[in-house]
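> I have a structure here, written as structure tokens, and I will follow up with some questions on it.
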Amino acid sequence: MSLGRGFSVLWSANAASNLADGLAFVSMPLLAASLTDDPRWVAGLATVYALVRLLVALPIGVWVDRADRPTLLAFANILRGCTVLAFALCLQFGAGSLLLLYIVFALIGTLESAADNASMSLVPALVRDRDLDRANGRISATQIIADEFAGPPLGGLLFALAAAVPIFAMGGLWTAAGFLALALPRRLKGAAIAGVTEPKSGRATLWAEAAAGARWLGGNRVVGALALIGALASVGYMLPFSILVLFAQQQLDVDSAGYGVILAASALGGLAGSFAAPRIRSKIGYRWTIAASLLTGAVSLLALSATDNGVVAALLLAAYILHAVIWGICATSLRQRLVPDELRGRVNAASRVLALLGLALGSALGGVLAVVHIALPVLAGGLVFLVCAVAAVFLFRPTDPRNRKPTRARAVTR
């Protein structure tokens, strides 16, 4: 069943952008490795990308609420594409350098944060509330196909032709995504009018507006609980995934090809989760879908920590990614339903900051625990998700009747 022309346009723009992301996942590290043989500089790309997204998240949240979101989404993608195309030309004519790659990667991270937040904030204005799960499921499925299956092998193939080829392709795809977004409808259902917050110039005002979104997040029991569980789940995710390649080598005894097969199998679990989430949520509600998905994540990691069989590990990781996608779809849909439109960008940003901090903490702890035993981070991740599942049962109870919209809150958190 169609979700409407507006959503189809947004979905098409996201699909093009996701394919570019998949190309970048492989081609950017390969390009860095061709420019330096120092592993610290190659790994530093991911560090810079994460730090930039963390630093710009809150200011971008303010601009998503201030600006016309379709225009912001379009120009963020067009600027991202033009930046990468200019870099590809530099590579083509021998003017590329590691410093320039770092600068471009930082700009990509900044513009991606703006595009992602604007896109997520637009979905509720393009589809009905009852269709949010389906819409987010379609976006998630497309992202998995582009990021996990199509983009990486295509990026490797294009890089084998010439280093600049996948960079040109990325730039073209992001530019195309931007022009597609220009076709989004301008009069959107329930959307706040651009400039409704009457922003004033000055640094203090920007951060004051960002703080207003954080305060709303802290004051709403359901959305605040989502953010806290999301931050804790991010710790649980990065505990095992920060050392997963070493776990595969040392405990599962698989080579690089086997590791790739395991990751591909896990992505299939995520694809299944994209289609299953709306059906499961419609039968048992958000509260129990979220709790059950987090429990699935806990059980899969606890079992993974005890196995040394590659096939079993692939199945368990598929179950884990299935849980992660179902949890992500439900969390996104709930935020879209409950956050006022004029605050959506800032609340998304505040939630994202908590998740990014959780990822950083989980990555650091994973490395420390792996020194003791390679399976310990995986076991610890399972225990963290077990805590998340229990917290979901107690925190996502029906809202207090004194809240502004108790009927709506009850309906979505039952």
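Chains: A, B, ... in order of the structure tokens. Residues: from 1 per chain. Ligands: from 1, in order shown.
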Within 10 Å of segment 63-67 of chain A, which residues of segment 115-182 of chain A come that close, and what is the closest atom pair and distance in Å for each? Count only C-alpha atoms and give it as a tab-separated table.

```
residue	atom	partner	partner_atom	distance
A:Ala115	CA	A:Val64	CA	9.1
A:Asn117	CA	A:Val64	CA	7.0
A:Ala118	CA	A:Val64	CA	5.8
A:Ser119	CA	A:Val64	CA	9.6
A:Ser121	CA	A:Val64	CA	8.0
A:Leu122	CA	A:Val64	CA	9.8
```
> Would you mind listing, for every residue of segment 223-270 of chain A within 10 Å of segment 328-347 of chain A, the two atoms forming the shortest contact and the distance between them in Å to one decimal, using only C-alpha atoms, sorted by chain and ascending residue number, as CSV?

```
residue,atom,partner,partner_atom,distance
A:Val223,CA,A:Arg335,CA,6.2
A:Gly224,CA,A:Val347,CA,9.5
A:Leu226,CA,A:Ala331,CA,6.5
A:Ala227,CA,A:Ala331,CA,8.7
A:Ile229,CA,A:Ala331,CA,9.8
A:Gly230,CA,A:Ala331,CA,8.4
```
> Could the residues in this selection be saved with C-alpha atoms as a PDB file, in the first residue's frame?

```
ATOM      1  CA  VAL A 223      10.544   9.984  25.296  1.00  0.00           C
ATOM      2  CA  GLY A 224      13.069  10.572  28.072  1.00  0.00           C
ATOM      3  CA  LEU A 226      13.581   6.096  25.180  1.00  0.00           C
ATOM      4  CA  ALA A 227      16.659   8.334  25.194  1.00  0.00           C
ATOM      5  CA  ILE A 229      17.519   3.244  27.203  1.00  0.00           C
ATOM      6  CA  GLY A 230      18.939   4.199  23.804  1.00  0.00           C
TER       7      GLY A 230
END
```
> Give me the residues within 8 Å of segment 104-110 of chain A as a ChimeraX atom specification, counting only C-alpha atoms and dropping any in the same chain fewer than 3 places off.
/A:45,48-50,52-53,56,80,83-84,87,100-101,113-114
> Please provide the set of residues having any atom within 7 Å of segment 6-16 of chain A, restricted to only C-alpha atoms, with same-chain residues fewer than 5 positions apart removed, written as a CSV table (one decimal) with N, CA and C atoms, in the first residue's frame.

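What follows is the written file out20.csv:
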```
chain,number,residue,atom,x,y,z
A,126,LEU,N,4.5,13.7,6.6
A,126,LEU,CA,4.3,13.1,5.3
A,126,LEU,C,3.3,11.9,5.3
A,127,VAL,N,3.2,11.2,6.5
A,127,VAL,CA,2.4,10.0,6.6
A,127,VAL,C,1.5,10.2,7.8
A,139,ILE,N,12.1,2.7,5.3
A,139,ILE,CA,13.4,3.5,5.3
A,139,ILE,C,14.5,2.6,5.8
A,142,THR,N,15.6,-0.2,3.2
A,142,THR,CA,16.3,0.4,2.1
A,142,THR,C,17.8,0.7,2.6
A,143,GLN,N,17.9,1.3,3.8
A,143,GLN,CA,19.2,1.6,4.3
A,143,GLN,C,20.0,0.3,4.5
A,173,LEU,N,25.5,10.7,-6.2
A,173,LEU,CA,24.3,10.2,-5.5
A,173,LEU,C,23.8,11.2,-4.5
A,174,TRP,N,24.7,11.8,-3.7
A,174,TRP,CA,24.3,12.8,-2.7
A,174,TRP,C,23.6,14.0,-3.4
A,177,ALA,N,20.3,13.0,-4.5
A,177,ALA,CA,19.3,13.0,-3.3
A,177,ALA,C,18.9,14.4,-3.0
A,178,GLY,N,19.7,15.4,-3.1
A,178,GLY,CA,19.3,16.7,-2.8
A,178,GLY,C,18.3,17.3,-3.8
A,180,LEU,N,16.3,15.5,-5.6
A,180,LEU,CA,15.0,14.7,-5.3
A,180,LEU,C,14.2,15.4,-4.2
A,181,ALA,N,15.0,15.8,-3.1
A,181,ALA,CA,14.3,16.4,-2.0
A,181,ALA,C,13.6,17.7,-2.3
A,183,ALA,N,11.7,18.1,-4.6
A,183,ALA,CA,10.3,17.8,-5.0
A,183,ALA,C,9.4,17.5,-3.9
A,184,LEU,N,9.9,17.6,-2.6
A,184,LEU,CA,9.0,17.4,-1.5
A,184,LEU,C,7.9,18.5,-1.4
A,185,PRO,N,6.7,18.1,-0.9
A,185,PRO,CA,5.7,19.1,-0.8
A,185,PRO,C,6.1,20.2,0.2
```
> Taking 2 positions as the minimum chain separation for residues in the same chain, which residues sit within 9 Å of Gly155 of chain A when counting only C-alpha atoms? Answer as a ChimeraX atom specification.
/A:20,22-27,150-153,157-160,165-167,169
> I need the residues from that last selection saved to file as a short mmCIF file (atom, residue, chain, number, x, y, z; two decimals), in the first residue's frame (with C-alpha atoms), if you can.

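Result written to out.cif:
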```
data_model
loop_
_atom_site.label_atom_id
_atom_site.label_comp_id
_atom_site.auth_asym_id
_atom_site.auth_seq_id
_atom_site.Cartn_x
_atom_site.Cartn_y
_atom_site.Cartn_z
CA ALA A 20 26.39 6.82 -1.24
CA GLY A 22 27.53 2.37 1.53
CA LEU A 23 30.14 3.42 -1.04
CA ALA A 24 31.80 5.67 1.55
CA PHE A 25 31.96 2.86 4.11
CA VAL A 26 34.48 0.99 1.95
CA SER A 27 36.05 3.58 -0.34
CA ALA A 150 24.87 -2.97 -2.45
CA GLY A 151 27.17 -0.12 -1.38
CA PRO A 152 30.26 -1.88 0.10
CA PRO A 153 30.93 -4.37 -2.74
CA LEU A 157 34.75 -2.65 -7.25
CA LEU A 158 34.79 1.03 -8.25
CA PHE A 159 37.90 1.71 -6.15
CA ALA A 160 39.68 -1.09 -8.01
CA VAL A 165 35.70 6.68 -9.26
CA PRO A 166 33.70 5.79 -6.09
CA ILE A 167 34.21 9.37 -4.86
CA ALA A 169 29.79 8.21 -7.60
#
```
> Applying 9 Å and only C-alpha atoms, which residues near Ala306 of chain A remain after dropping the ones on its own chain fewer than 5 positions away? List them as JSON, numbers by chain.
{"A": [301, 375, 379]}
> Output C-alpha atoms for every residue in that selection, as a short mmCIF file (atom, residue, chain, number, x, y, z; two decimals), in the first residue's frame.

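Dumped to result_24.cif:
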```cif
data_model
loop_
_atom_site.label_atom_id
_atom_site.label_comp_id
_atom_site.auth_asym_id
_atom_site.auth_seq_id
_atom_site.Cartn_x
_atom_site.Cartn_y
_atom_site.Cartn_z
CA LEU A 301 24.77 -11.76 22.89
CA ALA A 375 34.39 -13.01 25.11
CA LEU A 379 28.93 -11.16 27.71
#
```
> Go through segment 171-340 of chain A and collect every residue that DSSP, computed from the backbone, puts in helix (DSSP H, G or I); the answer should be as JSON, numbers by chain.
{"A": [171, 172, 173, 174, 175, 176, 177, 178, 179, 180, 181, 203, 204, 205, 206, 207, 208, 209, 210, 211, 212, 213, 214, 215, 216, 217, 218, 219, 221, 222, 223, 224, 225, 226, 227, 228, 229, 230, 231, 232, 233, 234, 235, 236, 237, 238, 239, 240, 241, 244, 245, 246, 247, 248, 249, 250, 256, 257, 258, 259, 260, 261, 262, 263, 264, 265, 266, 267, 268, 269, 270, 271, 272, 273, 274, 275, 276, 277, 278, 279, 280, 281, 282, 283, 284, 285, 286, 287, 288, 289, 290, 291, 292, 293, 294, 295, 296, 297, 298, 299, 300, 301, 302, 303, 304, 305, 306, 310, 311, 312, 313, 314, 315, 316, 317, 318, 319, 320, 321, 322, 323, 324, 325, 326, 327, 328, 329, 330, 331, 332, 333, 334, 335, 336, 337, 338]}
